[in-house]
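Below you'll find the structure, written out as structure tokens, and then a few comments.
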Amino acid sequence: MNEKLIQRIRQCPNLPSLPGVAIQVLDLVQRPDVEVNQIARIISQDAALASKVLRTVNSSFYARSNAVSTVSHALVIMGLHSAKSLVLGFTLVSNLREKGFKHLDYWRRSIYAATAARMLASRVGVIQEEEAFLAGLLADVGTLVLHQALGEEYDRLASEAANHQALVQIERERLELDHAFAAGILAEQWKLPPLLAMPIAQHHQMDPTTDETVRPLVQVVHVGCRCADVFVEAEPAEAIAAVRKLCQDLFNMDAAACDAMMGEIGARTKEVAPLFEIALASEADYEQILQRAGEAISKLGEQPPAQAAPATSAASSTAAPVATAVVQASVAASAPAAPVAAKMTQDALDRDGFDALLGQQFAGAKSAGSALSLLVIEIDNFAALAQQQGATGSRGIVDSAAKLLAALARQPHRAASLGDGKLAMLLAGSARPQAAAMAEAARRLLSSKPLPTGNGKSISITISIGVATFEEGQPLREPAHLLKAAEMALKAARQSGTNCVRVFTLPKAATPQPAAA
């Protein structure tokens, strides 16, 4: 290791700093009692940043029919966790762009890596999707660090590299460290949490001793950065082969599924890049890239383009019928001091009925070898709502939410009391990616417009959702395990700032079963 260079980097006066607004937002979203308006005020103080947030929420990325005109409303739609990533991303991209740094199409590769890491996290059930996006966006910031520390010496070195992987090799040979290591030094100076710092520092070489709780995130960022090479390199065949192998080895994803995901990454990046004012030099989609690389891929022993699965969009994957039963849990709530028992309609299930249906669906999925997903949904700050609205009002809010979820799933619905403003969706035949997509659609739907209460009024709400899936070979072997896993994911959503979706997953090396509820 080049200790002199490490010291030179640490003492370099020109390294980029974390923008003030980013520091404030990062601090606020980590507070359990933070309110949307507090963060909105911070963002609104920066007119350019506020404009970018509003442009994002009104873009095709969120597919809204009605325009959003205030930052606070935008934060409700996006969720605080997503807003944190966008704010950090927008401010850092602006700061770094001012430095005029352009090595190896830095920005193009960064936005592809960020989008790929986030999509891969969603696909394989890594709950830290926003951290994956931000780590992918900042992964190559070490090239800027080395540029600032070494000046023209690094510029000459970088100009010799034919592609990104070659750059890494040259850095290690000449400098005895690479830009991922340099990025780790900057992340340390910025005091970024390990969930961001580790994936950034290990995006070219994963450390086998990394804590197993962070390892899945490190993996998706590592693969996401390799996915970016496919879209930015003039000769993408080796990158395609590498991505296919990584997806197979790490996520048990075959070449056809990998190619389908790559098609989605290309399409989604075209939507995301303009939000960050990043121009994509090429509009080629993944199918065109495969065709161009066809002969070289064949020489590498990989599947030729004709065998690749067609790319599908996230929207089309959720359009297929994934729910054979929908269970909405409806609770009649009052102020905590005077709880009121749930009032059931003739079509509703009580808790025993819900447990019976869950057991029936679980047994059917286990027998057929099919997937079964459970979404446990909680209305954020429901205790405060119950105190404000009373039993009738809060019951109306939950009933209104249940009706919207039933319409989203396009299935007949029954109600069951899980307590504390919770609702549930049971999705038979739905694997984790489809269930996560359905959960995100539900989150956006319920936060998009005020819901009627039982008092003749309307109120805006947000929800947090935990997703768990039973699949063959997984350790969730009982209905109680599935329910407990969904509740654990819901807890992670609450700890992430609420108004978000989290998916239960276990590290590959770990197989403990969640305790029965």
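Chain labels follow the order of the structure tokens: the first chain is A, the next B, and so on; residue numbering restarts at 1 in every chain, and ligands are counted from 1 in their shown order.
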
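Shell of Ala158 in chain A at 9 Å, with only C-alpha atoms counted and residues fewer than 2 places along the chain excluded, is His103, Leu104, Thr143, Glu153, Tyr154, Asp155, Arg156, Glu160, Ala161, Ala162, Leu167, Ile170 and Glu171 of chain A.
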
With only C-alpha atoms as the counted atoms, please give the residues lying no more than 9 Å from range 177-185 of chain A, apart from itself and same-chain residues fewer than 6 positions off, as a CSV table (one decimal) with N, CA, C and O atoms, in the first residue's frame.
```
chain,number,residue,atom,x,y,z
A,1,MET,N,0.8,-1.2,0.0
A,1,MET,CA,0.0,0.0,0.0
A,1,MET,C,0.9,1.2,0.0
A,1,MET,O,1.9,1.3,0.7
A,2,ASN,N,0.5,2.2,-0.8
A,2,ASN,CA,1.3,3.5,-0.9
A,2,ASN,C,0.9,4.4,0.2
A,2,ASN,O,0.0,5.3,0.1
A,5,LEU,N,1.1,8.2,-0.6
A,5,LEU,CA,0.0,8.7,-1.4
A,5,LEU,C,-1.3,8.8,-0.5
A,5,LEU,O,-2.0,9.8,-0.6
A,6,ILE,N,-1.5,7.9,0.4
A,6,ILE,CA,-2.6,7.9,1.3
A,6,ILE,C,-2.5,9.2,2.1
A,6,ILE,O,-3.5,9.9,2.3
A,9,ILE,N,-3.3,12.2,0.0
A,9,ILE,CA,-4.8,12.4,-0.2
A,9,ILE,C,-5.4,13.0,1.0
A,9,ILE,O,-6.2,13.9,0.9
A,10,ARG,N,-5.1,12.5,2.2
A,10,ARG,CA,-5.7,13.0,3.4
A,10,ARG,C,-5.4,14.5,3.7
A,10,ARG,O,-6.2,15.2,4.2
A,138,LEU,N,-21.8,7.5,-6.3
A,138,LEU,CA,-20.5,8.1,-5.8
A,138,LEU,C,-19.4,7.1,-5.9
A,138,LEU,O,-18.3,7.5,-5.5
A,139,ALA,N,-19.6,5.9,-6.4
A,139,ALA,CA,-18.5,4.9,-6.4
A,139,ALA,C,-17.2,5.4,-7.0
A,139,ALA,O,-16.1,5.1,-6.5
A,140,ASP,N,-17.3,6.1,-8.1
A,140,ASP,CA,-16.1,6.5,-8.8
A,140,ASP,C,-15.5,7.8,-8.4
A,140,ASP,O,-14.7,8.4,-9.1
A,141,VAL,N,-16.0,8.4,-7.3
A,141,VAL,CA,-15.6,9.7,-6.8
A,141,VAL,C,-14.1,9.6,-6.5
A,141,VAL,O,-13.4,10.6,-6.5
A,142,GLY,N,-13.5,8.4,-6.3
A,142,GLY,CA,-12.1,8.3,-6.0
A,142,GLY,C,-11.2,8.7,-7.2
A,142,GLY,O,-10.1,9.1,-7.0
A,143,THR,N,-11.8,8.6,-8.4
A,143,THR,CA,-11.0,9.1,-9.6
A,143,THR,C,-10.8,10.6,-9.4
A,143,THR,O,-9.8,11.2,-9.8
A,144,LEU,N,-11.8,11.3,-8.9
A,144,LEU,CA,-11.7,12.8,-8.7
A,144,LEU,C,-10.7,13.0,-7.6
A,144,LEU,O,-9.9,14.0,-7.6
A,145,VAL,N,-10.8,12.2,-6.5
A,145,VAL,CA,-9.8,12.4,-5.4
A,145,VAL,C,-8.4,12.2,-5.9
A,145,VAL,O,-7.5,13.1,-5.6
A,146,LEU,N,-8.1,11.2,-6.7
A,146,LEU,CA,-6.7,11.0,-7.3
A,146,LEU,C,-6.4,12.2,-8.2
A,146,LEU,O,-5.2,12.6,-8.3
A,167,LEU,N,-8.3,0.8,-16.2
A,167,LEU,CA,-7.9,1.9,-15.3
A,167,LEU,C,-7.6,1.4,-13.9
A,167,LEU,O,-6.6,1.8,-13.3
A,168,VAL,N,-8.4,0.5,-13.4
A,168,VAL,CA,-8.2,-0.1,-12.1
A,168,VAL,C,-6.8,-0.8,-12.0
A,168,VAL,O,-6.0,-0.6,-11.1
A,169,GLN,N,-6.5,-1.6,-13.1
A,169,GLN,CA,-5.3,-2.3,-13.1
A,169,GLN,C,-4.1,-1.4,-13.1
A,169,GLN,O,-3.1,-1.6,-12.4
A,170,ILE,N,-4.2,-0.3,-14.0
A,170,ILE,CA,-3.1,0.6,-14.0
A,170,ILE,C,-2.9,1.3,-12.7
A,170,ILE,O,-1.7,1.6,-12.3
A,171,GLU,N,-4.0,1.7,-12.1
A,171,GLU,CA,-3.9,2.4,-10.8
A,171,GLU,C,-3.1,1.5,-9.8
A,171,GLU,O,-2.2,2.0,-9.0
A,197,ALA,N,-20.3,3.9,3.0
A,197,ALA,CA,-18.8,3.9,2.9
A,197,ALA,C,-18.3,2.6,2.4
A,197,ALA,O,-17.4,2.6,1.5
A,198,MET,N,-18.8,1.5,2.9
A,198,MET,CA,-18.3,0.2,2.5
A,198,MET,C,-18.5,-0.2,1.1
A,198,MET,O,-17.6,-0.6,0.4
A,199,PRO,N,-19.8,0.0,0.6
A,199,PRO,CA,-20.0,-0.3,-0.9
A,199,PRO,C,-19.1,0.6,-1.8
A,199,PRO,O,-18.7,0.1,-2.8
A,200,ILE,N,-19.0,1.8,-1.4
A,200,ILE,CA,-18.1,2.7,-2.2
A,200,ILE,C,-16.7,2.2,-2.3
A,200,ILE,O,-16.1,2.1,-3.3
A,201,ALA,N,-16.1,1.9,-1.1
A,201,ALA,CA,-14.7,1.5,-1.0
A,201,ALA,C,-14.5,0.1,-1.6
A,201,ALA,O,-13.3,-0.2,-2.0
A,202,GLN,N,-15.5,-0.7,-1.7
A,202,GLN,CA,-15.3,-2.1,-2.2
A,202,GLN,C,-16.0,-2.3,-3.5
A,202,GLN,O,-16.2,-3.5,-3.9
A,203,HIS,N,-16.3,-1.3,-4.3
A,203,HIS,CA,-17.0,-1.5,-5.5
A,203,HIS,C,-16.2,-2.2,-6.6
A,203,HIS,O,-16.8,-2.7,-7.6
A,204,HIS,N,-14.9,-2.3,-6.4
A,204,HIS,CA,-14.1,-3.1,-7.4
A,204,HIS,C,-13.5,-4.4,-6.8
A,204,HIS,O,-13.1,-5.3,-7.6
A,205,GLN,N,-13.5,-4.5,-5.6
A,205,GLN,CA,-13.0,-5.7,-4.9
A,205,GLN,C,-13.6,-5.9,-3.6
A,205,GLN,O,-13.3,-5.2,-2.6
```

Original post:
Among range 353-476 of chain A, which ones does DSSP place in strand (DSSP E), written as an MDAnalysis selection string?
Top reply: chainID A and resid 372:379 413:415 422:428 451:452 458:459 463:470

For the selection just defined, write its residues with C-alpha atoms to a file, as a short mmCIF file (atom, residue, chain, number, x, y, z; two decimals), in the first residue's frame.
```cif
data_model
loop_
_atom_site.label_atom_id
_atom_site.label_comp_id
_atom_site.auth_asym_id
_atom_site.auth_seq_id
_atom_site.Cartn_x
_atom_site.Cartn_y
_atom_site.Cartn_z
CA LEU A 372 -46.36 -16.54 -1.70
CA SER A 373 -45.72 -12.95 -0.67
CA LEU A 374 -47.14 -11.05 2.28
CA LEU A 375 -47.23 -7.27 2.59
CA VAL A 376 -47.79 -5.86 6.08
CA ILE A 377 -48.79 -2.20 5.73
CA GLU A 378 -48.87 0.36 8.51
CA ILE A 379 -50.33 3.87 8.39
CA HIS A 413 -61.19 -8.12 -0.51
CA ARG A 414 -61.93 -9.03 3.06
CA ALA A 415 -60.94 -7.13 6.18
CA LYS A 422 -52.19 -2.14 9.94
CA LEU A 423 -53.32 -3.56 6.60
CA ALA A 424 -52.09 -6.59 4.71
CA MET A 425 -51.94 -7.90 1.17
CA LEU A 426 -51.43 -11.60 0.55
CA LEU A 427 -50.05 -12.23 -2.95
CA ALA A 428 -50.11 -15.86 -4.09
CA LEU A 451 -58.37 9.82 2.09
CA PRO A 452 -61.94 10.20 3.42
CA SER A 458 -60.32 13.98 4.24
CA ILE A 459 -56.72 13.64 5.38
CA ILE A 463 -47.63 4.32 4.80
CA SER A 464 -44.71 2.02 5.51
CA ILE A 465 -44.65 -1.51 4.11
CA GLY A 466 -42.78 -4.68 4.98
CA VAL A 467 -42.57 -7.41 2.33
CA ALA A 468 -41.72 -11.07 2.88
CA THR A 469 -41.87 -13.96 0.43
CA PHE A 470 -42.04 -17.73 0.83
#
```

**OP:** Would you list the contacts of range 106-120 of chain A as a ChimeraX atom specification, taking every protein, DNA or RNA residue within 7 Å and counting only C-alpha atoms, but skipping same-chain residues closer than 3 positions in sequence?
**Re:** /A:102-103,123-124,129-130,132-138,220-221,224-225,227-228,232,265,269,273,278,280

Taking N, CA, C and O atoms for each residue, export the selection above as an mmCIF file, in the first residue's frame.
```cif
data_model
loop_
_atom_site.group_PDB
_atom_site.id
_atom_site.type_symbol
_atom_site.label_atom_id
_atom_site.label_comp_id
_atom_site.auth_asym_id
_atom_site.auth_seq_id
_atom_site.Cartn_x
_atom_site.Cartn_y
_atom_site.Cartn_z
ATOM 1 N N LYS A 102 -13.965 14.919 -16.062
ATOM 2 C CA LYS A 102 -14.597 14.178 -17.153
ATOM 3 C C LYS A 102 -13.902 12.844 -17.461
ATOM 4 O O LYS A 102 -14.150 12.251 -18.496
ATOM 5 N N HIS A 103 -13.030 12.358 -16.606
ATOM 6 C CA HIS A 103 -12.294 11.133 -16.914
ATOM 7 C C HIS A 103 -13.234 9.980 -17.242
ATOM 8 O O HIS A 103 -14.145 9.660 -16.466
ATOM 9 N N ARG A 123 -34.448 -6.212 -7.057
ATOM 10 C CA ARG A 123 -34.670 -7.525 -7.669
ATOM 11 C C ARG A 123 -34.303 -8.667 -6.735
ATOM 12 O O ARG A 123 -34.984 -9.700 -6.717
ATOM 13 N N VAL A 124 -33.235 -8.509 -5.948
ATOM 14 C CA VAL A 124 -32.766 -9.622 -5.115
ATOM 15 C C VAL A 124 -33.156 -9.460 -3.647
ATOM 16 O O VAL A 124 -32.756 -10.265 -2.812
ATOM 17 N N GLU A 129 -32.280 -0.017 -0.812
ATOM 18 C CA GLU A 129 -32.278 0.354 -2.229
ATOM 19 C C GLU A 129 -31.728 1.765 -2.437
ATOM 20 O O GLU A 129 -30.997 2.019 -3.404
ATOM 21 N N GLU A 130 -32.095 2.710 -1.576
ATOM 22 C CA GLU A 130 -31.647 4.085 -1.751
ATOM 23 C C GLU A 130 -30.144 4.204 -1.485
ATOM 24 O O GLU A 130 -29.444 4.953 -2.175
ATOM 25 N N ALA A 132 -28.061 1.850 -2.078
ATOM 26 C CA ALA A 132 -27.447 1.253 -3.269
ATOM 27 C C ALA A 132 -27.335 2.283 -4.383
ATOM 28 O O ALA A 132 -26.294 2.380 -5.061
ATOM 29 N N PHE A 133 -28.405 3.065 -4.593
ATOM 30 C CA PHE A 133 -28.383 4.096 -5.640
ATOM 31 C C PHE A 133 -27.294 5.122 -5.361
ATOM 32 O O PHE A 133 -26.486 5.450 -6.238
ATOM 33 N N LEU A 134 -27.253 5.622 -4.129
ATOM 34 C CA LEU A 134 -26.300 6.676 -3.801
ATOM 35 C C LEU A 134 -24.864 6.163 -3.836
ATOM 36 O O LEU A 134 -23.959 6.855 -4.321
ATOM 37 N N ALA A 135 -24.632 4.949 -3.342
ATOM 38 C CA ALA A 135 -23.278 4.375 -3.384
ATOM 39 C C ALA A 135 -22.835 4.166 -4.828
ATOM 40 O O ALA A 135 -21.669 4.416 -5.171
ATOM 41 N N GLY A 136 -23.753 3.730 -5.692
ATOM 42 C CA GLY A 136 -23.411 3.580 -7.105
ATOM 43 C C GLY A 136 -23.085 4.917 -7.751
ATOM 44 O O GLY A 136 -22.161 5.029 -8.561
ATOM 45 N N LEU A 137 -23.830 5.952 -7.376
ATOM 46 C CA LEU A 137 -23.605 7.281 -7.941
ATOM 47 C C LEU A 137 -22.243 7.841 -7.530
ATOM 48 O O LEU A 137 -21.586 8.549 -8.296
ATOM 49 N N LEU A 138 -21.799 7.507 -6.315
ATOM 50 C CA LEU A 138 -20.549 8.066 -5.783
ATOM 51 C C LEU A 138 -19.364 7.104 -5.884
ATOM 52 O O LEU A 138 -18.258 7.459 -5.466
ATOM 53 N N VAL A 220 -24.488 -5.808 -4.452
ATOM 54 C CA VAL A 220 -25.306 -5.203 -5.507
ATOM 55 C C VAL A 220 -24.636 -3.961 -6.082
ATOM 56 O O VAL A 220 -24.763 -3.680 -7.288
ATOM 57 N N VAL A 221 -23.900 -3.212 -5.256
ATOM 58 C CA VAL A 221 -23.190 -2.045 -5.774
ATOM 59 C C VAL A 221 -22.032 -2.495 -6.665
ATOM 60 O O VAL A 221 -21.782 -1.914 -7.732
ATOM 61 N N GLY A 224 -23.632 -3.621 -9.809
ATOM 62 C CA GLY A 224 -24.207 -2.466 -10.486
ATOM 63 C C GLY A 224 -23.152 -1.662 -11.229
ATOM 64 O O GLY A 224 -23.384 -1.202 -12.356
ATOM 65 N N CYS A 225 -21.995 -1.490 -10.621
ATOM 66 C CA CYS A 225 -20.909 -0.764 -11.282
ATOM 67 C C CYS A 225 -20.408 -1.521 -12.514
ATOM 68 O O CYS A 225 -20.053 -0.908 -13.530
ATOM 69 N N CYS A 227 -22.325 -3.434 -14.320
ATOM 70 C CA CYS A 227 -23.399 -3.253 -15.305
ATOM 71 C C CYS A 227 -23.188 -1.962 -16.095
ATOM 72 O O CYS A 227 -23.483 -1.896 -17.297
ATOM 73 N N ALA A 228 -22.706 -0.933 -15.408
ATOM 74 C CA ALA A 228 -22.490 0.350 -16.083
ATOM 75 C C ALA A 228 -21.508 0.210 -17.237
ATOM 76 O O ALA A 228 -21.661 0.866 -18.279
ATOM 77 N N VAL A 232 -21.441 1.844 -21.278
ATOM 78 C CA VAL A 232 -20.559 2.965 -21.611
ATOM 79 C C VAL A 232 -19.326 2.558 -22.411
ATOM 80 O O VAL A 232 -18.678 3.423 -23.003
ATOM 81 N N ILE A 265 -32.605 -1.798 -16.855
ATOM 82 C CA ILE A 265 -31.632 -0.809 -16.387
ATOM 83 C C ILE A 265 -31.414 0.264 -17.444
ATOM 84 O O ILE A 265 -31.395 1.468 -17.148
ATOM 85 N N THR A 269 -32.527 4.139 -16.783
ATOM 86 C CA THR A 269 -31.473 5.158 -16.730
ATOM 87 C C THR A 269 -31.799 6.325 -17.649
ATOM 88 O O THR A 269 -31.486 7.481 -17.336
ATOM 89 N N ALA A 273 -31.448 9.901 -15.791
ATOM 90 C CA ALA A 273 -30.317 10.781 -16.130
ATOM 91 C C ALA A 273 -30.709 12.246 -16.282
ATOM 92 O O ALA A 273 -30.013 13.134 -15.751
ATOM 93 N N ILE A 278 -27.633 14.864 -16.442
ATOM 94 C CA ILE A 278 -26.539 14.071 -17.006
ATOM 95 C C ILE A 278 -26.941 13.625 -18.404
ATOM 96 O O ILE A 278 -27.977 12.983 -18.584
ATOM 97 N N LEU A 280 -26.697 11.380 -21.631
ATOM 98 C CA LEU A 280 -26.218 10.069 -22.082
ATOM 99 C C LEU A 280 -25.768 10.202 -23.527
ATOM 100 O O LEU A 280 -26.539 10.577 -24.402
#
```

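Using only C-alpha atoms for every distance, the candidate list A:Ala486, A:Arg41, A:Glu478, A:Thr453 yields A:Glu478 as the residue closest to Gln361 in chain A.
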
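Near Asp285 in chain A, within 9 Å and counting only C-alpha atoms, sit Phe231, Gly263, Gly266, Ala267 and Leu290 of chain A; same-chain residues fewer than 5 positions away were not included.
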
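Residue nearest Ala187 in chain A, chosen from A:Leu418, A:Leu408, A:Leu15, A:Ala442 and counting only C-alpha atoms: A:Leu15.
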
**OP:** Would you mind telling me which residue in A:Ala365, A:Leu195, A:Leu175, A:Val93 lies nearest to Ala431 in chain A when using only C-alpha atoms?
**Re:** A:Ala365

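Shortest separation to Ile127 in chain A among A:Ile397, A:Leu18, A:Ala492, A:Ala255 occurs at residue A:Ala492, atoms counted being only C-alpha atoms.
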
Subject >> Of the listed residues A:Ala50, A:Val126, A:Ala293, A:Leu80, that which approaches Val68 in chain A most closely, counting only C-alpha atoms >> reply: A:Ala50

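Interatomic distance, CA of Ile23 in chain A to CA of Ala74 in chain A: 19.9 Å.
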